[in-house]
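Visitor: Have a look at this one.
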Amino acid sequence: MAIIIALAHGVGLLALVLLAYRFILRRFGARPHAFPFLSGLLFGLAAVISMLDAYPVDAGVLIDLRNTMVGLAGLFGGWPAALVSAGLAGAVRLWLGGVGAPSGAAGILLTALAAPLLARLLARLTDRRAARKGGQWQGLGKGALGFGQLTLFGLAVAPLTLAALLLLPEMDLALRVLEAAALPLTAFTSLGIGLLGTMLAREHRRFADEHALGESGALFRAVFDTSADSLVIVRVREDGGFVLQCANAAACRTLGVSVEGSEGRSLDTLLSPDLAAKVVADLQSCIDAGAPTRFEEQHTRDGVTRWWEVSQVPIRDAGGTIVMVSVGARDITRRHEAERAIRASEARYRQLARSVTDIIGRIGLDGVRRFCSEAARDSLGCAPADLVGRPLVERMHPDDRPAVAAGLAQLTPDHPTLKTTYRLRHADGRWVWVEGAVRLVTDDWGAPQDYVIVERDVTARKIMEAELQDARHAAEAASRTKTEFLASLSHELRTPMNAVIGFADLIARESEGPVGNAHYRDFAVNIRDSGQHLLELINEILDHVRAEAGQLVLDDEVVDLDAAAVFAIRLLTPRAARAGIVLSARVDPAARHLRGDERRIRQILLNLLSNAVKYTPAGGAVSLTAGPAPEGGLLLEVRDNGVGIPEQDLGRVLQAYTRVDSPANRQTEGAGLGLPLTRRLVELHGGTLTLSSRVGQGTAVTAHFPPDRLADASGRPAGAAQGPTGLSILMVEDDHNILENGCALLRSWGHRVTGASGAGEALVVLRGGEPLDLLFSDIVMPPGMTGAELAREARRLRPGLPVLLASGFAAHAVVADDVALGGYDMIAKPYDPAELRDRLNRLRPPAAAQAQTQPPPVPVPAPARSLPAMPAADRPAPASPTADSLRILVAEDVEMNRLLAVTLLKQAGHAVVAVEDGAQAVEAVGREAFDVILMDLNMPVMDGLEATRAIRGLPGPAGRTAIVALTANTFPDDIAGCYGAGMDGHVPKPIDRALLQREILRCVASRRAAEAMTGPLQDRGA
């Protein structure tokens, strides 16, 4: 009984602990470091007081509620509080002494260690139950602990105290103490923790509620005071009046009152009578409705009218009576103005949509029309309402639907526009062409909303485009017909002229023996000269027609103007001498070289000089001068002191087929094409041609070429910074077009290029004395000598010569070992200009290697080039392969031309066999061997091109016989076709005897050189 009384004294201590704990919780509960220490100190002092009033079971053994206090410290204060309370209580227990001091201190320590662990387990179980059931206990922490849970906690702590008694020095003493104190100590420990813990948990709940209420109030006040809207809370008085409970700063500014002096005052005293009556009526309507109300109203103050959106929410007490009303007012003036502007803009937009002829509409992302303007009535014959709500593709032509759908699917915020054309079905069933401009519309965040589309009726334009397309096709057909006519005309005119001029020349030269009468020889000379004049006239007409049709194409090469002037003077000197006219030419060294087409530049000089000679009387003078222009460029002037041109006729003489009617002109021949054609050639070079003349004093014709045409000897623009000097390149290519384009490209970079259409021609150049810096060759070329084999021979003939090989086919890998072993560089076809320029720069020899004893190299025309009207004197004469006569096959269907060719060749000492068509030529080549074949193109049975391809397909040496085109087809496409069929050269009709001989010797030399390299290889392969 005494022990129960002693423990009951300890339970009374719990009330004092509760009061002190409440104080500490209120003052230091929000401070995480101070609260555990102070609460632990409190429970430690309570444990000390409990020990001072303890019940002594035996000498030195005390029974009290100290472990109850330490357990509560660990439960509500955690580890820090448990350790502080245990330290204080344990120190006092040891100080009190006795046999039970060690066991008592051990019990305190054991409780301090176990209580926080048990508290954590208890808190986890409590949180799980609260989360499962929800409700008001969720999130309260220690405040959620109930009496039952705390009692269980006490039952778990009590055995720790009893276990410490087993540490007493004598077991009999421990058993006696346990027998006397076990039941009371367990009961009072669990009951004390349950009672005091419940009260402490309630204090924690109250503290949490007050803290949450304070945070909620602070949060509400922060939102309330800082809101841009006007917020007011009005209290309802018992007499039905309204008192301002509180208002934020925005509301006070709107009402024109101060925050400090307005709260608690009646609305009648705060507001003007009219405004107060309006506000009171609105509040009363909210109370009468018993529910929130929302409305918009207009309010004018100090002459400024603003729109407000007002919301009123009634606030009820616990009994459901409305005691307050929350009023919020938002300034929506700008929104009203924006809405008014939007309505006005929409009205203008609709008015605009109704007034334009294009169909304006909106299409949803699903492809359905949302809006359509009135223009649909005129374009599609239906009302807009018939289109709205219907898919865009419903009236679209089935062939156009996939393209439009794909275009719409590709629209993104980054690429929001689409312009396309399609067909829509008109109300009457016909199809209308429409051009649609679509734009994807997005919101402020870039999300697609819909499409805006503007559709324009372009049916008339489509009809016009179709008509223009038909007209263009007709014009192209007419142009092709004209080109074919020109080619046919050129062939038909040149064919008889070949016989006229050729036989007249044979008679004039008395090639078959003396004529006998000198007059007949003079007659033959007249026939030949007249034929040459007629041929020049034909060439001028054809060139003019080509220029008018845009078919004249210029080569880009370096032209030596001084050499061209000497050439023109030399040709015209006999004619001028017969007329007693003095010819002179002077070319300024600064204007000696220009970039252009050398043949056409010479044609310009010949036309101007011959025209001046024609209209200059005996004893006159014609001069040619060329020099830099003061304003830049080059001036080329031909001046004479002839009959002159009336001022009113200066413009007419530049018109085709026009001649000035004058007594002097009646004495001269001409078609009026020389000056017009010359002007066109000058304009093709980017220049201008001007005339100045005075009757009886003479005429001056001036050609002005632009500055970019001036160049130095290497082809660089005049005055350009000196870069690396150009290379002397030997380009070997069996494809005529690639050879021409490649040479032009290399020359445009300032290189000096010699072109060769096969290995034979290349070997002729390599064995000559021309200085070379690079061999640029295709790998595979007919008649079978590879570029690698040619490179080896070039290295033998010219040690150290850099080699660049080109190939466009994977099959050429068969020569890869030869290329690798020879150390040659390679480039792929088609050439990339940047890569080719880089390769040439890397293969450029050192400056010391370029210092050669030979004279500076000059541009050498490609041997493969054989333009129809190039003067014979301009062609380089290749080295004669042999002085022996050749065995030549002539294939010509026109008997007179065949006889002329046979006669010329026999006079040159050759053995000749003649056939009438290509089929006979193939048969003849199959029967016997020939050194060269002269092949006409237009022949019956089998034409020249087909015959050439058939001969190239023959086995053995017959398929490698040299073939030269002897034809009146002189168009560039015709020449390219000859080389494409496998021919080695081209000689135009009428036949130039010297040109024919040189071309035969060149082609034979080329074939024999190639045969010397490839013949043994092919024989071994066979």
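Residues are referred to by chain and number: the chain letter is A, B, ... according to the order shown in the structure tokens, the number counts from 1 in that chain, and ligands are numbered separately from 1 in the order shown.
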Per DSSP on the backbone, what are the helix (DSSP H, G or I) residues of region 206-413 of chain A, as number ranges by chain?
Guide: A: 206-226, 249-255, 259-262, 267-270, 273-289, 333-355, 376-380, 384-387, 392-395, 401-409
Visitor: Select from region 334-496 of chain A everything DSSP, run on the backbone, classes as strand (DSSP E), then give the selection as number ranges by chain.
Guide: A: 359-364, 369-372, 417-425, 431-442, 448-457
